[in-house]
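Everything on this sheet refers to the single structure shown next.
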Amino acid sequence: MEPQQRSPLLEVKGNIELKRALAKAPSRLPLPGSRLKRGPDQMEEDLEPEKKRTRGLGTKVATSRPRATALTTVPQTQGQTAVPKVPRKTGPRCSAAIATVLKNQKPGPAVPAQKPGTTAAPPVVGRKKPSKRPAWDLKGQLCDLNAELKCCRERTQMLDQENQQLRNQLREAQQQATALGTERRTLEEELARMRAQAEQGQQELGNLSTRVLELEERLGTQEGLVQELQKEQLELQEERRGLAAQLEEQERRLQASEAALSGSQAELASLRQEAAAQADLLAKREERLHGLEMERRRLHNQLQELKGNVRVFCRVRPVLPGESTPPPGFLLFPSGPSGPSDPPTRLSLSRSDERRGTLSGAPAAPTRHDFSFDRVFPPGSGQDEVFEEISMLVQSALDGYPVCIFAYGQTGSGKTFTMEGGPGGDPQVEGLIPRALRHLFSVAQELSGQGWTYSFVASYVEIYNETVRDLLATGTRKGHGGECEIRRAGPGSEELTVTNARYVPVSCEREVEALLHLARQNRAVARTAQNERSSRSHSVFQLQISGEHAGRGLQCAAPLSLVDLAGSERLDPGLALGPGERERLRETQAINSSLSTLGLVIMALSNKESHVPYRNSKLTYLLQNSLGGSAKMLMFVNISPLEENVSESLNSLRFASKVNQCVIGTAQANRK
Ligand code: ADP
Ligand code: MG
């Protein structure tokens, strides 16, 4: 039997059931048809009676024929056949017995062999023979013989009939036997087929069992997998729930964000409108601001011109520790017309004339010398106070006007202190150079908001004995410096440049500090015991300022020069002239020459003379662009507070006064 096609799982189940069924009845395979429901053994058994019957019949048939033929004779054996031993002489009872026998031998189950004496026909033995007729009774004997003959004939006839019947029976039996043989063969074939089928079934069963085991194993694995997957599914479901919650939250947030966004967009639109309006306003304001800035520059310049293009400030340094205090009234700072609240502009110096005293024999009253300047700074004035006064001038440099600031005075009067600052890097005593640069950087930063871009390039040189040396030299040139020359930047150019000198772009205070430090180092290297060179040379710090307003195509450029002049003291003419003094005299002459040239240049400029003697000294030649035209000039005259320096102080004050008067005259003329 072929199993039907099923799904693997159902097949497995079916196979398991089949296996169980087979295990319960291993030898009872389900067979088609009622016959096949019986086992081959049973069939054999079933066949057996038939065989037996046939055999019995055969035997009977095989024996019946000779017996039948011998019926006429006397039967030899008893019990082998159903035919009883017939007595030689039988009567009607004998015929009846034969008939009974024949009736019993009709087709049907073969009559089992009977024991003698158990036959249906009564045994003839014991029957009393008729009494023998006397020999003489021939008639009677004949009669008996006739009767016997008749009986024999009847019997023969009966036996023939019986024979005939038996033949028929035999034929039938033979036919039946043939049919049964055929059936048997069929059944045997069927049996063989069934056995083959059973074997095949068994094999299939084996295969199926193996497969069942495999499948069970696979099922186990699959079940494990299914469990894992179920677990995973649960986890994923959990995760999905979490994600769904998150999604919901995100969607909610998105909606809120969208609402906020649309609100913001509306706000943005209005803000853009507002911004456009503001930009418009801003442009107008910028325009106005620019106009105002230009106006400020013009007015600022006008103011500076009214104040005078050349101004003189007098600064008196304090008495230093270890110095003798001057007598009271030696230096006086009379207050201005508005009283002590006015910044001082006047200074009185008293000098006792020893020569006059000796002539009269009594000490003469000291002579009072009064001076008036744009501003006077008494000894207590701080660096910040001084710078405040010049910050407006520095502003002019940013506006495009050349600015030049000098410090004039004898050695030790405080020129370097005023220009560079005091020792120790204390911000309180920072000088004009660092303060001016810080101011410039900060104002340039403010002006960048109005579209101005500024750049600054610094240089620092000293002029000693009419030679120029770079104070910013580094490397091998440090401290010594090569020969520097003042040249025009190009043919036909107004701009001057110092060859071999460094021009360093600066943009912050720290860079300026580094430059000043380097300059101090360079001066220290050049210093000798006999010759305090720094006091015998002019130090010129120059800053080239360039500004540009790209939006309006405006440009401005101007130099800011801060000059620490050489000591203005003169040599004592009574001194004996040794080799050192001669050298000193030469230096002094060079200094005096350059300082007087400076005075002459200033005067020529203020008198608007056609010829200005710039070329008479290196200093004025280098500074010519910072002095002429619309340039602003400021001179600090530094004064020592000591009585012993009174002569030099008077000289300085007289020189400054000359400059001041000359300039004031110009300023006053402008005012008219
Ligand atoms: P110069 O450069 O004119 O030769 P310095 O600037 O070197 O003079 O000053 C000489 C000394 O006086 C220095 O020690 C300096 O610190 C000091 N000095 C100058 N001016 C002042 C001042 N306004 N306040 C305090 N000390 C000063
Ligand atoms: Mg000095």
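Residue numbering restarts at 1 in every chain; chains get A, B, ... in the order shown in the structure tokens, and ligands count up from 1 in that same order.
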Return as a ChimeraX atom specification the residues of protein, DNA or RNA that approach ligand 1 to within 7 Å, with only C-alpha atoms and all ligand atoms taken into account.
/A:316-318,320,379,381-382,409-418,422-423,535,567
Please produce a file of the residues just selected, as a compact mmCIF listing (two decimals), in the first residue's frame, where the atoms kept are all heavy atoms.
# COMPACT_ATOMS: atom_id res chain seq x y z
N VAL A 316 57.57 119.03 34.08
CA VAL A 316 58.63 119.08 35.08
C VAL A 316 58.61 117.75 35.83
O VAL A 316 57.57 117.35 36.35
CB VAL A 316 58.43 120.26 36.06
CG1 VAL A 316 59.57 120.32 37.07
CG2 VAL A 316 58.32 121.58 35.30
N ARG A 317 59.76 117.07 35.82
CA ARG A 317 59.79 115.76 36.50
C ARG A 317 59.89 115.97 38.01
O ARG A 317 60.36 117.02 38.47
CB ARG A 317 60.94 114.90 35.96
CG ARG A 317 62.32 115.28 36.45
CD ARG A 317 63.27 114.08 36.27
NE ARG A 317 64.66 114.45 36.52
CZ ARG A 317 65.22 114.49 37.72
NH1 ARG A 317 64.52 114.25 38.82
NH2 ARG A 317 66.51 114.79 37.84
N PRO A 318 59.49 114.98 38.79
CA PRO A 318 59.61 115.12 40.24
C PRO A 318 61.07 114.99 40.69
O PRO A 318 61.90 114.49 39.92
CB PRO A 318 58.77 113.96 40.78
CG PRO A 318 58.66 112.99 39.67
CD PRO A 318 58.89 113.72 38.39
N LEU A 320 63.88 113.21 42.38
CA LEU A 320 64.04 111.76 42.59
C LEU A 320 64.69 111.50 43.95
O LEU A 320 65.34 112.40 44.51
CB LEU A 320 64.92 111.17 41.49
CG LEU A 320 64.36 111.28 40.07
CD1 LEU A 320 65.39 110.80 39.04
CD2 LEU A 320 63.07 110.47 39.92
N PRO A 379 55.33 118.47 38.62
CA PRO A 379 55.96 117.16 38.88
C PRO A 379 54.98 116.02 39.23
O PRO A 379 55.24 114.88 38.91
CB PRO A 379 56.89 117.44 40.06
CG PRO A 379 57.19 118.89 39.96
CD PRO A 379 56.00 119.54 39.38
N SER A 381 52.19 115.26 37.92
CA SER A 381 51.27 114.81 36.84
C SER A 381 51.60 113.37 36.41
O SER A 381 52.77 113.04 36.19
CB SER A 381 51.40 115.74 35.62
OG SER A 381 51.26 117.07 36.02
N GLY A 382 50.55 112.61 36.29
CA GLY A 382 50.73 111.19 35.88
C GLY A 382 50.82 111.04 34.37
O GLY A 382 50.46 111.97 33.62
N GLY A 409 64.76 118.37 25.93
CA GLY A 409 65.23 118.72 27.27
C GLY A 409 66.61 118.16 27.53
O GLY A 409 67.13 117.35 26.74
N GLN A 410 67.18 118.56 28.66
CA GLN A 410 68.52 118.08 28.98
C GLN A 410 68.47 116.62 29.42
O GLN A 410 67.39 116.11 29.75
CB GLN A 410 69.15 118.94 30.08
CG GLN A 410 68.49 118.71 31.43
CD GLN A 410 69.23 119.43 32.53
OE1 GLN A 410 68.65 120.33 33.16
NE2 GLN A 410 70.49 119.10 32.76
N THR A 411 69.59 115.98 29.42
CA THR A 411 69.65 114.58 29.85
C THR A 411 69.18 114.48 31.31
O THR A 411 69.56 115.30 32.14
CB THR A 411 71.10 114.07 29.71
OG1 THR A 411 71.47 114.20 28.34
CG2 THR A 411 71.21 112.61 30.11
N GLY A 412 68.34 113.49 31.55
CA GLY A 412 67.83 113.25 32.91
C GLY A 412 66.61 114.08 33.25
O GLY A 412 66.13 114.06 34.37
N SER A 413 66.05 114.78 32.26
CA SER A 413 64.88 115.62 32.55
C SER A 413 63.55 114.85 32.42
O SER A 413 62.50 115.36 32.77
CB SER A 413 64.88 116.84 31.63
OG SER A 413 64.82 116.42 30.28
N GLY A 414 63.63 113.65 31.91
CA GLY A 414 62.40 112.82 31.82
C GLY A 414 61.84 112.64 30.42
O GLY A 414 60.66 112.31 30.25
N LYS A 415 62.67 112.79 29.40
CA LYS A 415 62.18 112.63 28.01
C LYS A 415 61.79 111.17 27.73
O LYS A 415 60.70 110.89 27.23
CB LYS A 415 63.28 113.05 26.99
CG LYS A 415 63.71 114.49 27.11
CD LYS A 415 64.74 114.87 26.06
CE LYS A 415 66.06 114.13 26.19
NZ LYS A 415 66.80 114.43 27.43
N THR A 416 62.74 110.27 28.05
CA THR A 416 62.47 108.85 27.78
C THR A 416 61.30 108.35 28.61
O THR A 416 60.45 107.59 28.14
CB THR A 416 63.74 108.03 28.05
OG1 THR A 416 64.81 108.59 27.31
CG2 THR A 416 63.57 106.58 27.64
N PHE A 417 61.24 108.86 29.88
CA PHE A 417 60.12 108.50 30.75
C PHE A 417 58.80 108.91 30.10
O PHE A 417 57.83 108.17 30.09
CB PHE A 417 60.30 109.19 32.11
CG PHE A 417 59.28 108.82 33.13
CD1 PHE A 417 59.48 107.76 34.00
CD2 PHE A 417 58.07 109.54 33.22
CE1 PHE A 417 58.52 107.43 34.95
CE2 PHE A 417 57.12 109.20 34.16
CZ PHE A 417 57.34 108.15 35.04
N THR A 418 58.79 110.10 29.54
CA THR A 418 57.56 110.59 28.91
C THR A 418 57.22 109.77 27.66
O THR A 418 56.06 109.40 27.45
CB THR A 418 57.72 112.08 28.54
OG1 THR A 418 58.00 112.81 29.73
CG2 THR A 418 56.48 112.63 27.90
N GLY A 422 58.28 104.54 32.43
CA GLY A 422 59.23 104.27 33.50
C GLY A 422 59.72 102.84 33.47
O GLY A 422 59.21 102.01 32.71
N PRO A 423 60.68 102.55 34.33
CA PRO A 423 61.23 101.20 34.34
C PRO A 423 60.27 100.21 35.02
O PRO A 423 59.39 100.61 35.77
CB PRO A 423 62.52 101.36 35.16
CG PRO A 423 62.26 102.53 36.06
CD PRO A 423 61.31 103.42 35.35
N SER A 535 71.44 109.12 25.44
CA SER A 535 71.14 110.53 25.72
C SER A 535 71.78 111.46 24.68
O SER A 535 71.43 112.62 24.60
CB SER A 535 71.61 110.92 27.12
OG SER A 535 73.03 110.85 27.17
N GLY A 567 69.91 114.79 24.49
CA GLY A 567 70.00 115.79 25.55
C GLY A 567 70.44 117.15 25.01
O GLY A 567 71.37 117.25 24.20
For stretch 561-564 of chain A, list every protein, DNA or RNA residue within 6 Å, evaluated using only C-alpha atoms, and leave out those in the same chain fewer than 2 positions away; present the list as a ChimeraX atom specification.
/A:404-407,538-542
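For the residues A:Thr367, A:Leu642, A:Arg523, A:Gly263, ranking by smallest atom-to-atom distance to A:Ser352 using only C-alpha atoms places A:Thr367 first.
With atom CA of A:Leu622 on one side and atom CA of A:Arg298 on the other, the separation reads 27.5 Å.
Distance check against A:Leu605 using only C-alpha atoms: of A:Asn309, A:Gln169, A:Gln141, A:Ser537, the minimum falls on A:Asn309.
Atom CA of A:Ala245 to atom CA of A:Glu228 spans 25.2 Å [interatomic distance, one decimal].
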Residues of stretch 527-635 of chain A classed as alpha helix (DSSP H) by DSSP on the backbone are to be reported as a PyMOL selection string.
chain A and resi 579-606+618-627
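We find atom CA of A:Gln164 and atom CA of A:Thr182 to be spaced 26.6 Å apart.
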Using only C-alpha atoms, the residue out of A:Gly242, A:Gly424, A:Pro559, A:Pro327 with shortest distance to A:Ala397 is A:Pro559
Using only C-alpha atoms, determine which residues lie at most 10 Å from A:Glu587, disregarding the query and same-chain residues fewer than 6 positions distant; provide the list as a PyMOL selection string.
chain A and resi 464-466+533+536-537+581+593
Show me, as an NGL selection string, the residues that have an atom within 10 Å of stretch 330-347 of chain A when counting only C-alpha atoms, minus same-chain residues fewer than 6 positions from it.
:A and (313-316 or 366 or 368-378 or 641-643 or 646 or 653)
Those same residues, written as a PDB file, in the first residue's frame with C-alpha atoms?
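Written output follows (out.pdb):
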ATOM      1  CA  PHE A 313      53.791 121.294  26.587  1.00  0.00           C
ATOM      2  CA  CYS A 314      56.137 121.733  29.474  1.00  0.00           C
ATOM      3  CA  ARG A 315      56.654 118.842  31.881  1.00  0.00           C
ATOM      4  CA  VAL A 316      58.633 119.076  35.077  1.00  0.00           C
ATOM      5  CA  PRO A 366      66.432 136.041  42.575  1.00  0.00           C
ATOM      6  CA  ARG A 368      61.967 135.312  38.150  1.00  0.00           C
ATOM      7  CA  HIS A 369      61.487 133.909  34.679  1.00  0.00           C
ATOM      8  CA  ASP A 370      57.926 133.404  33.540  1.00  0.00           C
ATOM      9  CA  PHE A 371      56.956 131.090  30.738  1.00  0.00           C
ATOM     10  CA  SER A 372      53.661 130.282  29.196  1.00  0.00           C
ATOM     11  CA  PHE A 373      52.869 127.179  27.160  1.00  0.00           C
ATOM     12  CA  ASP A 374      49.843 125.337  25.829  1.00  0.00           C
ATOM     13  CA  ARG A 375      49.992 123.224  28.925  1.00  0.00           C
ATOM     14  CA  VAL A 376      52.289 122.826  31.889  1.00  0.00           C
ATOM     15  CA  PHE A 377      52.542 119.562  33.797  1.00  0.00           C
ATOM     16  CA  PRO A 378      53.879 119.972  37.325  1.00  0.00           C
ATOM     17  CA  PRO A 641      63.217 120.313  39.087  1.00  0.00           C
ATOM     18  CA  LEU A 642      66.713 120.663  40.514  1.00  0.00           C
ATOM     19  CA  GLU A 643      68.276 124.022  41.214  1.00  0.00           C
ATOM     20  CA  VAL A 646      68.499 125.788  36.382  1.00  0.00           C
ATOM     21  CA  LEU A 653      62.393 126.841  28.313  1.00  0.00           C
TER      22      LEU A 653
END
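Proximity to ligand 2 was assessed for A:Gln304, A:Ser568, A:Gln161, A:Ser647 counting only C-alpha atoms and all ligand atoms; the smallest distance is recorded for A:Ser568.
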Just want the 12 Å neighbourhood of A:Ser507, counted on only C-alpha atoms, with same-chain residues fewer than 2 positions away dropped. Output as a ChimeraX atom specification.
/A:437-442,444-445,453-458,504-505,509-513,543,545
File of the preceding selection, C-alpha atoms, as a PDB file, in the first residue's frame:
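Ended up saving to out06.pdb:
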ATOM      1  CA  LEU A 437      49.304 102.749  19.976  1.00  0.00           C
ATOM      2  CA  ARG A 438      46.706 101.197  22.290  1.00  0.00           C
ATOM      3  CA  HIS A 439      44.469 104.201  21.636  1.00  0.00           C
ATOM      4  CA  LEU A 440      44.977 103.865  17.878  1.00  0.00           C
ATOM      5  CA  PHE A 441      44.145 100.130  17.882  1.00  0.00           C
ATOM      6  CA  SER A 442      40.984 100.694  19.881  1.00  0.00           C
ATOM      7  CA  ALA A 444      40.569 101.679  14.573  1.00  0.00           C
ATOM      8  CA  GLN A 445      38.455  98.834  15.934  1.00  0.00           C
ATOM      9  CA  THR A 453      40.037  99.139   7.796  1.00  0.00           C
ATOM     10  CA  TYR A 454      43.330 100.260   9.320  1.00  0.00           C
ATOM     11  CA  SER A 455      46.826  98.842   9.182  1.00  0.00           C
ATOM     12  CA  PHE A 456      49.901  99.924  11.148  1.00  0.00           C
ATOM     13  CA  VAL A 457      53.581  99.476  10.321  1.00  0.00           C
ATOM     14  CA  ALA A 458      56.204 100.426  12.919  1.00  0.00           C
ATOM     15  CA  VAL A 504      57.152  95.725  11.307  1.00  0.00           C
ATOM     16  CA  PRO A 505      53.369  95.467  10.910  1.00  0.00           C
ATOM     17  CA  GLU A 509      49.794  95.995  22.212  1.00  0.00           C
ATOM     18  CA  ARG A 510      51.885  92.902  22.801  1.00  0.00           C
ATOM     19  CA  GLU A 511      53.626  93.329  19.454  1.00  0.00           C
ATOM     20  CA  VAL A 512      54.386  96.955  20.311  1.00  0.00           C
ATOM     21  CA  GLU A 513      55.733  95.926  23.727  1.00  0.00           C
ATOM     22  CA  LEU A 543      54.105 104.407  12.801  1.00  0.00           C
ATOM     23  CA  ILE A 545      48.965 104.489   9.557  1.00  0.00           C
TER      24      ILE A 545
END
